[in-house]
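To be precise, the following lines are start.cif, and they hold mmCIF, C-alpha atoms and all ligand atoms.
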data_target
loop_
_atom_site.group_PDB
_atom_site.id
_atom_site.type_symbol
_atom_site.label_atom_id
_atom_site.label_comp_id
_atom_site.auth_asym_id
_atom_site.auth_seq_id
_atom_site.Cartn_x
_atom_site.Cartn_y
_atom_site.Cartn_z
ATOM 1 C CA MET A 1 -30.211 -20.497 62.819
ATOM 2 C CA ARG A 2 -26.556 -20.790 62.179
ATOM 3 C CA ARG A 3 -27.275 -22.280 58.780
ATOM 4 C CA SER A 4 -29.654 -19.419 57.807
ATOM 5 C CA SER A 5 -27.128 -16.806 58.954
ATOM 6 C CA PHE A 6 -24.528 -18.524 56.852
ATOM 7 C CA ALA A 7 -26.882 -18.542 53.845
ATOM 8 C CA ARG A 8 -27.651 -14.835 54.308
ATOM 9 C CA LEU A 9 -23.962 -14.098 54.523
ATOM 10 C CA MET A 10 -23.274 -16.028 51.316
ATOM 11 C CA LEU A 11 -26.144 -14.262 49.504
ATOM 12 C CA ALA A 12 -24.823 -10.918 50.704
ATOM 13 C CA ILE A 13 -21.339 -11.740 49.437
ATOM 14 C CA LEU A 14 -22.742 -13.007 46.131
ATOM 15 C CA GLY A 15 -24.925 -9.933 45.842
ATOM 16 C CA VAL A 16 -21.997 -7.611 46.398
ATOM 17 C CA ALA A 17 -19.996 -9.555 43.848
ATOM 18 C CA LEU A 18 -22.843 -9.469 41.279
ATOM 19 C CA PHE A 19 -23.443 -5.791 41.910
ATOM 20 C CA ALA A 20 -19.773 -5.086 41.518
ATOM 21 C CA GLU A 21 -19.689 -7.013 38.245
ATOM 22 C CA GLN A 22 -22.816 -5.275 36.858
ATOM 23 C CA ASP A 23 -21.455 -1.930 37.951
ATOM 24 C CA SER A 24 -18.122 -2.430 36.256
ATOM 25 C CA ALA A 25 -19.870 -3.720 33.102
ATOM 26 C CA ALA A 26 -22.134 -0.675 33.046
ATOM 27 C CA THR A 27 -19.313 1.778 33.426
ATOM 28 C CA ARG A 28 -16.919 -0.027 31.097
ATOM 29 C CA ARG A 29 -16.497 1.863 27.864
ATOM 30 C CA PRO A 30 -15.122 0.335 24.692
ATOM 31 C CA ARG A 31 -11.559 1.514 24.874
ATOM 32 C CA ALA A 32 -9.751 2.555 21.699
ATOM 33 C CA ARG A 33 -6.623 0.533 21.217
ATOM 34 C CA PRO A 34 -3.564 2.670 21.889
ATOM 35 C CA ASP A 35 -1.441 3.626 18.917
ATOM 36 C CA ALA A 36 1.701 1.644 18.238
ATOM 37 C CA PRO A 37 4.992 3.560 18.152
ATOM 38 C CA PRO A 38 6.384 4.515 14.730
ATOM 39 C CA PRO A 39 9.107 2.209 13.404
ATOM 40 C CA VAL A 40 12.609 2.958 14.611
ATOM 41 C CA ILE A 41 14.488 4.672 11.792
ATOM 42 C CA ARG A 42 18.279 4.433 11.765
ATOM 43 C CA SER A 43 21.172 4.744 9.367
ATOM 44 C CA ASP A 44 20.936 1.011 8.594
ATOM 45 C CA THR A 45 17.227 1.178 7.722
ATOM 46 C CA ARG A 46 16.554 -0.065 4.213
ATOM 47 C CA LEU A 47 13.077 0.981 3.180
ATOM 48 C CA LEU A 48 11.229 -0.501 0.213
ATOM 49 C CA VAL A 49 7.969 1.179 -0.790
ATOM 50 C CA ILE A 50 5.655 -0.850 -3.023
ATOM 51 C CA ALA A 51 3.680 1.667 -5.108
ATOM 52 C CA PRO A 52 0.961 0.317 -7.415
ATOM 53 C CA HIS A 53 1.066 3.630 -9.346
ATOM 54 C CA PRO A 54 3.439 6.601 -9.457
ATOM 55 C CA ASP A 55 2.292 9.020 -6.700
ATOM 56 C CA ASP A 56 1.145 6.372 -4.161
ATOM 57 C CA GLU A 57 4.596 6.370 -2.550
ATOM 58 C CA VAL A 58 4.477 10.113 -1.840
ATOM 59 C CA LEU A 59 0.790 10.221 -0.884
ATOM 60 C CA ALA A 60 1.241 7.466 1.688
ATOM 61 C CA ALA A 61 4.809 7.939 2.838
ATOM 62 C CA GLY A 62 6.386 11.146 1.536
ATOM 63 C CA GLY A 63 7.181 12.027 5.145
ATOM 64 C CA LEU A 64 8.508 8.618 6.171
ATOM 65 C CA ILE A 65 10.715 8.511 3.063
ATOM 66 C CA GLN A 66 12.237 11.864 4.066
ATOM 67 C CA GLN A 67 12.838 10.647 7.618
ATOM 68 C CA VAL A 68 14.633 7.488 6.463
ATOM 69 C CA HIS A 69 16.752 9.502 4.036
ATOM 70 C CA ALA A 70 17.595 12.109 6.721
ATOM 71 C CA ALA A 71 18.691 9.354 9.115
ATOM 72 C CA GLY A 72 21.156 8.089 6.514
ATOM 73 C CA GLY A 73 19.056 5.049 5.598
ATOM 74 C CA LYS A 74 18.374 3.775 2.082
ATOM 75 C CA VAL A 75 15.089 4.065 0.190
ATOM 76 C CA ARG A 76 13.843 2.273 -2.896
ATOM 77 C CA VAL A 77 10.458 2.499 -4.523
ATOM 78 C CA ALA A 78 9.090 -0.340 -6.650
ATOM 79 C CA TYR A 79 6.370 0.913 -8.991
ATOM 80 C CA LEU A 80 4.240 -2.049 -10.004
ATOM 81 C CA THR A 81 2.625 -0.168 -12.886
ATOM 82 C CA ASP A 82 3.354 3.064 -14.735
ATOM 83 C CA GLY A 83 -0.217 4.264 -14.149
ATOM 84 C CA ASP A 84 -0.767 4.145 -17.906
ATOM 85 C CA GLY A 85 -4.374 2.890 -17.811
ATOM 86 C CA PHE A 86 -5.951 6.070 -16.467
ATOM 87 C CA ARG A 87 -8.277 6.852 -19.382
ATOM 88 C CA ASP A 88 -9.662 10.127 -17.983
ATOM 89 C CA GLY A 89 -6.148 11.346 -17.272
ATOM 90 C CA VAL A 90 -4.931 10.451 -20.778
ATOM 91 C CA GLN A 91 -7.961 12.149 -22.377
ATOM 92 C CA LEU A 92 -7.276 15.258 -20.344
ATOM 93 C CA GLU A 93 -3.710 15.404 -21.630
ATOM 94 C CA GLU A 94 -4.679 14.578 -25.217
ATOM 95 C CA ARG A 95 -7.515 17.150 -25.129
ATOM 96 C CA GLY A 96 -10.321 14.898 -26.288
ATOM 97 C CA GLY A 97 -10.613 12.166 -28.886
ATOM 98 C CA THR A 98 -10.214 8.495 -28.243
ATOM 99 C CA PRO A 99 -6.765 7.747 -26.831
ATOM 100 C CA LYS A 100 -4.710 5.209 -28.751
ATOM 101 C CA PRO A 101 -2.281 2.645 -27.284
ATOM 102 C CA LYS A 102 0.638 4.995 -28.007
ATOM 103 C CA ASP A 103 -1.115 7.720 -25.973
ATOM 104 C CA PHE A 104 -1.471 5.404 -22.965
ATOM 105 C CA ARG A 105 2.179 4.345 -23.280
ATOM 106 C CA GLY A 106 3.285 7.958 -23.540
ATOM 107 C CA TYR A 107 1.240 8.798 -20.449
ATOM 108 C CA GLY A 108 3.024 6.004 -18.547
ATOM 109 C CA ARG A 109 6.435 7.367 -19.576
ATOM 110 C CA ARG A 110 5.388 10.811 -18.384
ATOM 111 C CA ARG A 111 4.343 9.414 -15.046
ATOM 112 C CA GLN A 112 7.724 7.685 -14.701
ATOM 113 C CA THR A 113 9.483 11.005 -15.296
ATOM 114 C CA GLU A 114 7.203 12.696 -12.748
ATOM 115 C CA ALA A 115 7.940 10.002 -10.164
ATOM 116 C CA ARG A 116 11.703 10.459 -10.575
ATOM 117 C CA ALA A 117 11.310 14.217 -10.154
ATOM 118 C CA ALA A 118 9.182 13.705 -7.028
ATOM 119 C CA LEU A 119 11.753 11.350 -5.483
ATOM 120 C CA ALA A 120 14.484 13.910 -6.248
ATOM 121 C CA VAL A 121 12.517 16.487 -4.229
ATOM 122 C CA LEU A 122 12.519 13.996 -1.337
ATOM 123 C CA GLY A 123 16.313 13.798 -1.638
ATOM 124 C CA LEU A 124 16.597 10.482 -3.502
ATOM 125 C CA ALA A 125 18.805 9.662 -6.479
ATOM 126 C CA ASP A 126 17.521 8.299 -9.800
ATOM 127 C CA ASP A 127 18.386 4.707 -8.919
ATOM 128 C CA ALA A 128 15.891 4.743 -6.024
ATOM 129 C CA ALA A 129 13.089 4.077 -8.528
ATOM 130 C CA THR A 130 12.398 0.653 -10.030
ATOM 131 C CA PHE A 131 9.593 0.478 -12.572
ATOM 132 C CA LEU A 132 8.206 -3.004 -13.092
ATOM 133 C CA SER A 133 5.702 -1.708 -15.707
ATOM 134 C CA PHE A 134 2.995 -4.281 -15.078
ATOM 135 C CA PRO A 135 -0.533 -3.514 -16.335
ATOM 136 C CA ASP A 136 -2.316 -0.604 -14.691
ATOM 137 C CA GLN A 137 -5.900 -1.633 -13.755
ATOM 138 C CA GLY A 138 -4.944 -5.262 -14.408
ATOM 139 C CA LEU A 139 -3.010 -6.540 -11.373
ATOM 140 C CA CYS A 140 -5.934 -8.302 -9.696
ATOM 141 C CA LYS A 141 -6.573 -10.319 -12.868
ATOM 142 C CA LEU A 142 -3.070 -11.778 -12.537
ATOM 143 C CA ILE A 143 -3.805 -13.254 -9.092
ATOM 144 C CA ARG A 144 -6.015 -15.983 -10.517
ATOM 145 C CA THR A 145 -6.921 -15.872 -14.211
ATOM 146 C CA TYR A 146 -3.567 -14.896 -15.690
ATOM 147 C CA TRP A 147 -1.345 -16.610 -13.161
ATOM 148 C CA SER A 148 0.846 -19.053 -15.064
ATOM 149 C CA GLU A 149 2.092 -20.118 -18.466
ATOM 150 C CA ARG A 150 -0.897 -22.411 -18.805
ATOM 151 C CA ARG A 151 -2.599 -19.614 -20.681
ATOM 152 C CA HIS A 152 -1.547 -16.594 -22.675
ATOM 153 C CA PRO A 153 -0.425 -13.537 -20.732
ATOM 154 C CA TYR A 154 -2.783 -10.714 -19.866
ATOM 155 C CA LYS A 155 -2.938 -7.967 -22.476
ATOM 156 C CA SER A 156 -3.576 -4.422 -21.344
ATOM 157 C CA PRO A 157 -6.650 -2.990 -23.108
ATOM 158 C CA TYR A 158 -4.974 0.423 -22.807
ATOM 159 C CA THR A 159 -1.364 0.003 -23.950
ATOM 160 C CA ARG A 160 -1.937 -3.303 -25.816
ATOM 161 C CA ARG A 161 1.193 -4.602 -24.091
ATOM 162 C CA ASP A 162 1.379 -8.150 -22.723
ATOM 163 C CA ARG A 163 4.774 -7.725 -21.094
ATOM 164 C CA PRO A 164 6.895 -4.913 -19.668
ATOM 165 C CA PRO A 165 9.225 -3.077 -22.072
ATOM 166 C CA PRO A 166 12.593 -4.929 -22.174
ATOM 167 C CA THR A 167 14.313 -2.054 -20.333
ATOM 168 C CA GLU A 168 12.113 -2.607 -17.253
ATOM 169 C CA VAL A 169 12.575 -6.354 -16.786
ATOM 170 C CA LEU A 170 14.427 -7.802 -13.775
ATOM 171 C CA VAL A 171 13.799 -11.490 -14.536
ATOM 172 C CA SER A 172 14.195 -12.534 -18.185
ATOM 173 C CA ASP A 173 11.101 -13.543 -20.172
ATOM 174 C CA THR A 174 8.793 -11.710 -17.773
ATOM 175 C CA GLU A 175 5.280 -11.330 -19.148
ATOM 176 C CA TYR A 176 1.994 -10.126 -17.676
ATOM 177 C CA ARG A 177 1.414 -13.187 -15.504
ATOM 178 C CA GLY A 178 0.953 -13.331 -11.761
ATOM 179 C CA GLU A 179 3.821 -15.715 -11.139
ATOM 180 C CA ASP A 180 6.105 -13.399 -13.109
ATOM 181 C CA LEU A 181 5.210 -10.415 -10.941
ATOM 182 C CA THR A 182 5.832 -12.452 -7.779
ATOM 183 C CA GLN A 183 9.223 -13.488 -9.193
ATOM 184 C CA GLU A 184 10.187 -9.926 -10.034
ATOM 185 C CA LEU A 185 9.304 -8.744 -6.519
ATOM 186 C CA ALA A 186 11.122 -11.678 -4.918
ATOM 187 C CA GLN A 187 14.213 -10.899 -6.998
ATOM 188 C CA LEU A 188 14.092 -7.244 -5.963
ATOM 189 C CA ILE A 189 13.645 -8.065 -2.259
ATOM 190 C CA GLY A 190 16.273 -10.816 -2.296
ATOM 191 C CA ASP A 191 18.821 -8.433 -3.827
ATOM 192 C CA TYR A 192 17.992 -5.331 -1.773
ATOM 193 C CA ARG A 193 17.074 -7.020 1.545
ATOM 194 C CA PRO A 194 14.885 -4.238 2.932
ATOM 195 C CA THR A 195 14.471 -3.990 6.707
ATOM 196 C CA LEU A 196 11.158 -2.164 6.279
ATOM 197 C CA ILE A 197 8.557 -2.638 3.535
ATOM 198 C CA LEU A 198 5.544 -0.403 2.946
ATOM 199 C CA VAL A 199 2.751 -1.927 0.905
ATOM 200 C CA PRO A 200 -0.966 -1.165 0.503
ATOM 201 C CA ARG A 201 -3.323 -2.855 2.901
ATOM 202 C CA LYS A 202 -5.602 -5.482 1.354
ATOM 203 C CA GLU A 203 -8.676 -3.478 2.366
ATOM 204 C CA ASP A 204 -7.593 -0.625 0.060
ATOM 205 C CA GLN A 205 -10.502 -0.349 -2.374
ATOM 206 C CA HIS A 206 -8.470 0.147 -5.548
ATOM 207 C CA PRO A 207 -8.042 -3.369 -7.006
ATOM 208 C CA ASP A 208 -4.407 -2.708 -7.998
ATOM 209 C CA HIS A 209 -3.628 -1.655 -4.408
ATOM 210 C CA CYS A 210 -5.326 -4.694 -2.877
ATOM 211 C CA ALA A 211 -3.511 -6.947 -5.372
ATOM 212 C CA ALA A 212 -0.182 -5.320 -4.459
ATOM 213 C CA TRP A 213 -0.557 -6.710 -0.929
ATOM 214 C CA PHE A 214 -1.108 -10.259 -2.205
ATOM 215 C CA PHE A 215 1.858 -10.137 -4.570
ATOM 216 C CA LEU A 216 4.165 -8.730 -1.902
ATOM 217 C CA ALA A 217 3.096 -11.375 0.614
ATOM 218 C CA ASP A 218 3.540 -14.156 -1.955
ATOM 219 C CA ALA A 219 6.978 -12.822 -2.922
ATOM 220 C CA LEU A 220 8.045 -12.683 0.737
ATOM 221 C CA GLY A 221 7.205 -16.385 0.996
ATOM 222 C CA ASP A 222 9.546 -17.076 -1.934
ATOM 223 C CA VAL A 223 12.315 -14.966 -0.388
ATOM 224 C CA ARG A 224 12.011 -16.762 2.971
ATOM 225 C CA ARG A 225 12.374 -20.136 1.260
ATOM 226 C CA VAL A 226 15.748 -19.024 -0.130
ATOM 227 C CA PHE A 227 16.846 -16.961 2.899
ATOM 228 C CA PRO A 228 15.200 -18.609 5.951
ATOM 229 C CA ASP A 229 16.786 -16.106 8.355
ATOM 230 C CA TYR A 230 15.516 -13.045 6.520
ATOM 231 C CA SER A 231 13.088 -10.953 8.543
ATOM 232 C CA VAL A 232 11.500 -7.621 7.708
ATOM 233 C CA ASP A 233 9.040 -5.234 9.287
ATOM 234 C CA VAL A 234 6.020 -4.900 6.966
ATOM 235 C CA LEU A 235 3.773 -1.857 7.271
ATOM 236 C CA ASN A 236 0.523 -1.291 5.419
ATOM 237 C CA TYR A 237 -0.830 1.953 4.064
ATOM 238 C CA ILE A 238 -4.184 2.992 2.634
ATOM 239 C CA VAL A 239 -4.847 5.435 -0.190
ATOM 240 C CA HIS A 240 -8.350 4.534 -1.404
ATOM 241 C CA PHE A 241 -10.966 3.819 1.246
ATOM 242 C CA LYS A 242 -14.534 5.151 0.857
ATOM 243 C CA ASP A 243 -14.487 8.937 1.376
ATOM 244 C CA TRP A 244 -11.468 8.778 3.656
ATOM 245 C CA PRO A 245 -9.741 11.074 4.361
ATOM 246 C CA PHE A 246 -11.723 13.797 2.619
ATOM 247 C CA GLU A 247 -14.689 13.912 4.978
ATOM 248 C CA ASP A 248 -12.335 15.279 7.620
ATOM 249 C CA GLU A 249 -10.513 18.465 6.735
ATOM 250 C CA ARG A 250 -8.548 18.858 9.938
ATOM 251 C CA SER A 251 -4.807 19.158 9.629
ATOM 252 C CA ALA A 252 -4.191 15.697 11.112
ATOM 253 C CA LEU A 253 -4.786 12.643 8.926
ATOM 254 C CA PRO A 254 -7.595 10.678 10.641
ATOM 255 C CA LEU A 255 -7.751 6.889 10.884
ATOM 256 C CA PRO A 256 -9.787 5.127 8.180
ATOM 257 C CA PRO A 257 -13.223 4.642 9.761
ATOM 258 C CA GLY A 258 -14.323 1.084 10.494
ATOM 259 C CA LEU A 259 -10.896 -0.451 10.012
ATOM 260 C CA ASN A 260 -8.931 -1.863 12.931
ATOM 261 C CA GLY A 261 -5.277 -1.129 13.452
ATOM 262 C CA GLY A 262 -4.097 -4.561 12.327
ATOM 263 C CA ALA A 263 -1.653 -6.592 14.367
ATOM 264 C CA SER A 264 0.068 -3.669 16.058
ATOM 265 C CA GLY A 265 -2.559 -0.946 16.375
ATOM 266 C CA TRP A 266 -2.469 2.172 14.221
ATOM 267 C CA ILE A 267 0.826 3.929 13.754
ATOM 268 C CA ARG A 268 0.618 7.701 13.389
ATOM 269 C CA LEU A 269 3.875 9.147 12.126
ATOM 270 C CA PRO A 270 4.158 12.886 12.903
ATOM 271 C CA LEU A 271 5.547 15.157 10.183
ATOM 272 C CA THR A 272 7.281 18.463 10.813
ATOM 273 C CA PRO A 273 6.097 21.579 8.927
ATOM 274 C CA ALA A 274 9.258 21.341 6.801
ATOM 275 C CA GLU A 275 8.525 17.696 5.931
ATOM 276 C CA MET A 276 4.944 18.630 4.994
ATOM 277 C CA LYS A 277 6.235 21.406 2.756
ATOM 278 C CA THR A 278 8.630 19.027 1.008
ATOM 279 C CA LYS A 279 5.889 16.407 0.632
ATOM 280 C CA ARG A 280 3.659 19.010 -1.039
ATOM 281 C CA ALA A 281 6.540 20.041 -3.313
ATOM 282 C CA ALA A 282 7.124 16.386 -4.261
ATOM 283 C CA LEU A 283 3.433 15.922 -5.079
ATOM 284 C CA SER A 284 3.523 19.020 -7.292
ATOM 285 C CA LYS A 285 5.875 17.088 -9.612
ATOM 286 C CA PHE A 286 3.057 14.717 -10.562
ATOM 287 C CA ARG A 287 1.799 17.232 -13.125
ATOM 288 C CA THR A 288 -0.564 14.828 -14.887
ATOM 289 C CA GLN A 289 -2.166 13.859 -11.577
ATOM 290 C CA GLN A 290 -2.332 17.464 -10.363
ATOM 291 C CA HIS A 291 -4.118 18.193 -13.618
ATOM 292 C CA ALA A 292 -6.633 15.368 -13.128
ATOM 293 C CA MET A 293 -7.200 15.406 -9.341
ATOM 294 C CA LYS A 294 -5.268 18.006 -7.394
ATOM 295 C CA TRP A 295 -7.854 17.852 -4.596
ATOM 296 C CA PHE A 296 -7.069 14.174 -4.056
ATOM 297 C CA LEU A 297 -3.312 14.715 -3.781
ATOM 298 C CA ASP A 298 -3.726 17.711 -1.461
ATOM 299 C CA GLY A 299 -5.846 15.596 0.899
ATOM 300 C CA PHE A 300 -2.799 13.592 1.980
ATOM 301 C CA VAL A 301 -0.600 16.517 2.975
ATOM 302 C CA ARG A 302 -1.301 16.509 6.719
ATOM 303 C CA THR A 303 0.567 16.675 9.993
ATOM 304 C CA ASN A 304 0.956 12.889 10.088
ATOM 305 C CA GLU A 305 0.917 9.700 8.015
ATOM 306 C CA VAL A 306 -0.977 6.553 9.010
ATOM 307 C CA PHE A 307 0.233 2.953 8.876
ATOM 308 C CA SER A 308 -0.684 -0.405 10.374
ATOM 309 C CA ARG A 309 0.854 -3.871 10.529
ATOM 310 C CA PRO A 310 -0.697 -6.930 8.896
ATOM 311 C CA ALA A 311 -1.646 -9.841 11.145
ATOM 312 C CA ALA A 312 0.190 -12.283 8.913
ATOM 313 C CA THR A 313 2.125 -12.115 5.673
ATOM 314 C CA ARG A 314 1.652 -15.725 4.653
ATOM 315 C CA VAL A 315 -0.132 -15.882 1.319
ATOM 316 C CA ALA A 316 0.303 -18.511 -1.377
ATOM 317 C CA LEU A 317 -0.809 -17.529 -4.862
ATOM 318 C CA PRO A 318 -2.633 -18.275 -7.068
ATOM 319 C CA LEU A 319 -5.963 -17.980 -5.287
ATOM 320 C CA LYS A 320 -9.151 -19.720 -6.383
ATOM 321 C CA HIS A 321 -11.135 -16.524 -5.993
ATOM 322 C CA ASP A 322 -10.420 -12.922 -6.780
ATOM 323 C CA PRO A 323 -9.873 -11.159 -3.433
ATOM 324 C CA CYS A 324 -9.757 -7.655 -4.844
ATOM 325 C CA SER A 325 -12.683 -7.025 -7.136
HETATM 326 ZN ZN ZN B 1 -2.535 3.992 -6.799
#
What does this structure look like when you write it as C-alpha cells?
Ligand SMILES: [Zn+2]
Amino acid sequence: MRRSSFARLMLAILGVALFAEQDSAATRRPRARPDAPPPVIRSDTRLLVIAPHPDDEVLAAGGLIQQVHAAGGKVRVAYLTDGDGFRDGVQLEERGGTPKPKDFRGYGRRRQTEARAALAVLGLADDAATFLSFPDQGLCKLIRTYWSERRHPYKSPYTRRDRPPPTEVLVSDTEYRGEDLTQELAQLIGDYRPTLILVPRKEDQHPDHCAAWFFLADALGDVRRVFPDYSVDVLNYIVHFKDWPFEDERSALPLPPGLNGGASGWIRLPLTPAEMKTKRAALSKFRTQQHAMKWFLDGFVRTNEVFSRPAATRVALPLKHDPCS
C-alpha cells in the first residue's frame, strides 16, 4: 500500500514534469537572435574599407564612413580592382561596337575618378583612396589557379593587363597572382594598422566580393605573423545576394534572407536623414554606374546599413578548390 502510493506519487511528479516539458516545447518559438550593437566609433578609429570595385564602399558603408570621419577618425578605402571588366557598362559608354582593351582601361580610369569624387562628398581627402588595380572579374581565379610564380600571371581578357600599372603598385614586381594580392593587402594593413576593417562576406554572390574576403583573411594572417599583438575588429558586408535587398522597398535595409548574423549577430547601423542625403550624393558621383544601373545603387540608400562579424578570420591561401565560383 505504501509502495503503491509512493509509485503513484512518483508517476504524478513525472507526469507533471513531462507535461511541463511538452508544454514549454510547444509554446517555445524560434527566437530571432538579438542584433549586436554597432561598433564604437571614436577619434582614434582607423577604418579600412576593402572594396572589390569602385562604388562598393559607398553602397555598403557610405553612412559608416561619414560617422567615422565626423568622429575625427581616419578612413581609407582599398579598391581591389578598378571595375574595368564591366563589358555592358563599357559598351554603354562607347555607344556600341566591340570594346577594345584601351576602352576597358579608360573605363577603369573613369571609375577611379568617380570614386575619388564620391569620397570627397563623404568628406575624405584624395589620399583616402588606394587603388590596387587587380583584375576585375578575375580575383577568384587568383585564389588557386594563378596563385604563385610557378605559372604565368593571370591576364585580364578585358584590359589585356597581367599586372597593375606601375603607379598603383605598393610592393615591387607585383603581378596578377594571388600571393601578390595578399602581399599588397598585408603591406597596406601593416602600414596603416586599421582598428576596424570592412570586407565583403564570403557568401556575397559576386565572385570578386567572395574572393575579397579570402584575400583579406589571408593577409591578416601575414600581418599577425609580423605583429603578433595586432588586433582588429573585422566586419562583413553584403552587396550581391539573390534579390536582396530589392524585394523589400521599405525605407529600412532588411537582413539578407537565409543568412545568419555571423559570430556577433547582425549589426544594423542607423543613418540620419542628413547621412542618407550625403550617401545618395556620393553615389551620384559614380556616373558610369548610374548610367548602367541606377536602380541598383538607389536600393542601398536606406535608413540603416547592415554588417555582421565573421566567425573566424583564419584562412591560408592558396586553396585546393575555388570557393567563390
Ligand atoms: Zn562590387
Surroundings of ligand ZN 1 (chain B) up to 6 Å, based on only C-alpha atoms and all ligand atoms, as a list in words:
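Counting only what the definition allows, namely only C-alpha atoms and all ligand atoms, the set is Pro52, His53 and Asp56 of chain A.
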Written selection (C-alpha atoms) as a PDB file, in the frame of the given file:
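Wrote it out as selection31.pdb, contents follow:
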ATOM      1  CA  PRO A  52       0.961   0.317  -7.415  1.00  0.00           C
ATOM      2  CA  HIS A  53       1.066   3.630  -9.346  1.00  0.00           C
ATOM      3  CA  ASP A  56       1.145   6.372  -4.161  1.00  0.00           C
TER       4      ASP A  56
END
With the PyMOL selection byres (((chain A and resi 114) around 12) and not hetatm) as the selection, what would be picked from this file? Answer as an MDAnalysis selection string, please.
chainID A and resid 53:55 58 82:83 107:113 115:121 126 129 281:290
Dump of C-alpha atoms for the selected residues, as a tab-separated table (two decimals), in the coordinates of the input:
chain	number	residue	atom	x	y	z
A	53	HIS	CA	1.07	3.63	-9.35
A	54	PRO	CA	3.44	6.60	-9.46
A	55	ASP	CA	2.29	9.02	-6.70
A	58	VAL	CA	4.48	10.11	-1.84
A	82	ASP	CA	3.35	3.06	-14.74
A	83	GLY	CA	-0.22	4.26	-14.15
A	107	TYR	CA	1.24	8.80	-20.45
A	108	GLY	CA	3.02	6.00	-18.55
A	109	ARG	CA	6.44	7.37	-19.58
A	110	ARG	CA	5.39	10.81	-18.38
A	111	ARG	CA	4.34	9.41	-15.05
A	112	GLN	CA	7.72	7.68	-14.70
A	113	THR	CA	9.48	11.00	-15.30
A	115	ALA	CA	7.94	10.00	-10.16
A	116	ARG	CA	11.70	10.46	-10.58
A	117	ALA	CA	11.31	14.22	-10.15
A	118	ALA	CA	9.18	13.70	-7.03
A	119	LEU	CA	11.75	11.35	-5.48
A	120	ALA	CA	14.48	13.91	-6.25
A	121	VAL	CA	12.52	16.49	-4.23
A	126	ASP	CA	17.52	8.30	-9.80
A	129	ALA	CA	13.09	4.08	-8.53
A	281	ALA	CA	6.54	20.04	-3.31
A	282	ALA	CA	7.12	16.39	-4.26
A	283	LEU	CA	3.43	15.92	-5.08
A	284	SER	CA	3.52	19.02	-7.29
A	285	LYS	CA	5.88	17.09	-9.61
A	286	PHE	CA	3.06	14.72	-10.56
A	287	ARG	CA	1.80	17.23	-13.12
A	288	THR	CA	-0.56	14.83	-14.89
A	289	GLN	CA	-2.17	13.86	-11.58
A	290	GLN	CA	-2.33	17.46	-10.36
Can you tell me, as a PyMOL selection string, what residues are no more than 6 Å from Thr195 in chain A when counting all atoms listed in the file, ignoring any on the same chain fewer than 2 positions away?
chain A and resi 45-46+232
Could you expand the PyMOL selection byres (((chain A and resi 224-226) around 12) and not hetatm) into the explicit residues it covers here, written as a PyMOL selection string?
chain A and resi 186-187+189-191+193+217-223+227-232+313-314
Could the centre and edge lengths of an axis-aligned box, enclosing all atoms of range 45-48 of chain A in the file with 4 Å extra on each side, be given in Å to one decimal as lines of an AutoDock Vina configuration file?
center_x = 14.2
center_y = 0.3
center_z = 4.0
size_x = 14.0
size_y = 9.7
size_z = 15.5
Of the candidates A:Leu47, A:Leu132, A:Gly178, A:Leu271, which shows the shortest atom-to-atom distance to His152 in chain A, using only C-alpha atoms?
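The shortest atom-to-atom distance to His152 in chain A comes from A:Gly178.
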Report as a VMD selection string the residues that result from applying the PyMOL selection byres (((chain A and resi 136) around 9) and not hetatm) to the structure here.
chain A and resid 52 to 53 80 to 86 133 to 135 137 to 139 156 158 208
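Taking all atoms listed in the file, the non-local environment of Arg87 in chain A within 9 Å (same-chain residues fewer than 4 positions away omitted) comprises A:Gln91, A:Leu92, A:Pro99, A:Phe104, A:Tyr158.
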Just checking: using all atoms listed in the file, which residue out of A:Arg309, A:Arg302, A:Lys320, A:Arg76 ends up closest to Tyr146 in chain A?
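Of all the options, A:Lys320 lies closest to Tyr146 in chain A.
Atom pair CA of Phe300 in chain A / CA of Pro273 in chain A has a distance of 13.8 Å (rounded to one decimal).
Interatomic distance, CA of Leu269 in chain A to CA of His209 in chain A: 21.1 Å.
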Return the single residue from A:Thr278, A:Thr182, A:Asn304, A:Thr167 that is closest to Ser251 in chain A, with distances computed using all atoms listed in the file.
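Nearest candidate to Ser251 in chain A out of A:Thr278, A:Thr182, A:Asn304, A:Thr167: A:Asn304.
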Can you pull out the residues contacting Arg42 in chain A? Cut-off 9 Å, using only C-alpha atoms, and skip same-chain residues under 6 positions away; I want them as a PyMOL selection string.
chain A and resi 68+71-73
Got a sec to check which residues sit within 7 Å of (0.2, -8.4, -6.1), counting all atoms listed in the file, and write them as a PyMOL selection string?
chain A and resi 139+143+211-216
Just give me the gap between CA of Ala128 in chain A and CA of Val75 in chain A in Å, one decimal is fine.
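Taking CA of Ala128 in chain A as the start and CA of Val75 in chain A as the end point, the length is 6.3 Å.
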Skipping near chain neighbours, those fewer than 3 positions away, what residues fall within 9 Å of Val49 in chain A using all atoms listed in the file, listed as number ranges by chain?
A: 57, 61, 65, 75-79, 196-199
Just-selected residues, C-alpha atoms written as a PDB file, in the frame of the given file:
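Okay, result04.pdb is ready:
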ATOM      1  CA  GLU A  57       4.596   6.370  -2.550  1.00  0.00           C
ATOM      2  CA  ALA A  61       4.809   7.939   2.838  1.00  0.00           C
ATOM      3  CA  ILE A  65      10.715   8.511   3.063  1.00  0.00           C
ATOM      4  CA  VAL A  75      15.089   4.065   0.190  1.00  0.00           C
ATOM      5  CA  ARG A  76      13.843   2.273  -2.896  1.00  0.00           C
ATOM      6  CA  VAL A  77      10.458   2.499  -4.523  1.00  0.00           C
ATOM      7  CA  ALA A  78       9.090  -0.340  -6.650  1.00  0.00           C
ATOM      8  CA  TYR A  79       6.370   0.913  -8.991  1.00  0.00           C
ATOM      9  CA  LEU A 196      11.158  -2.164   6.279  1.00  0.00           C
ATOM     10  CA  ILE A 197       8.557  -2.638   3.535  1.00  0.00           C
ATOM     11  CA  LEU A 198       5.544  -0.403   2.946  1.00  0.00           C
ATOM     12  CA  VAL A 199       2.751  -1.927   0.905  1.00  0.00           C
TER      13      VAL A 199
END
For Pro323 in chain A, which of A:Gly62, A:Gly265, A:Pro257, A:Pro207 is the closest residue, counting only C-alpha atoms?
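Going through A:Gly62, A:Gly265, A:Pro257, A:Pro207 one by one, the smallest distance to Pro323 in chain A is for A:Pro207.
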Anything within 9 Å of (14.3, -2.9, -16.4): list those residues as a ChimeraX atom specification, counting only C-alpha atoms and sticking to the file's coordinates.
/A:130-133,164-171
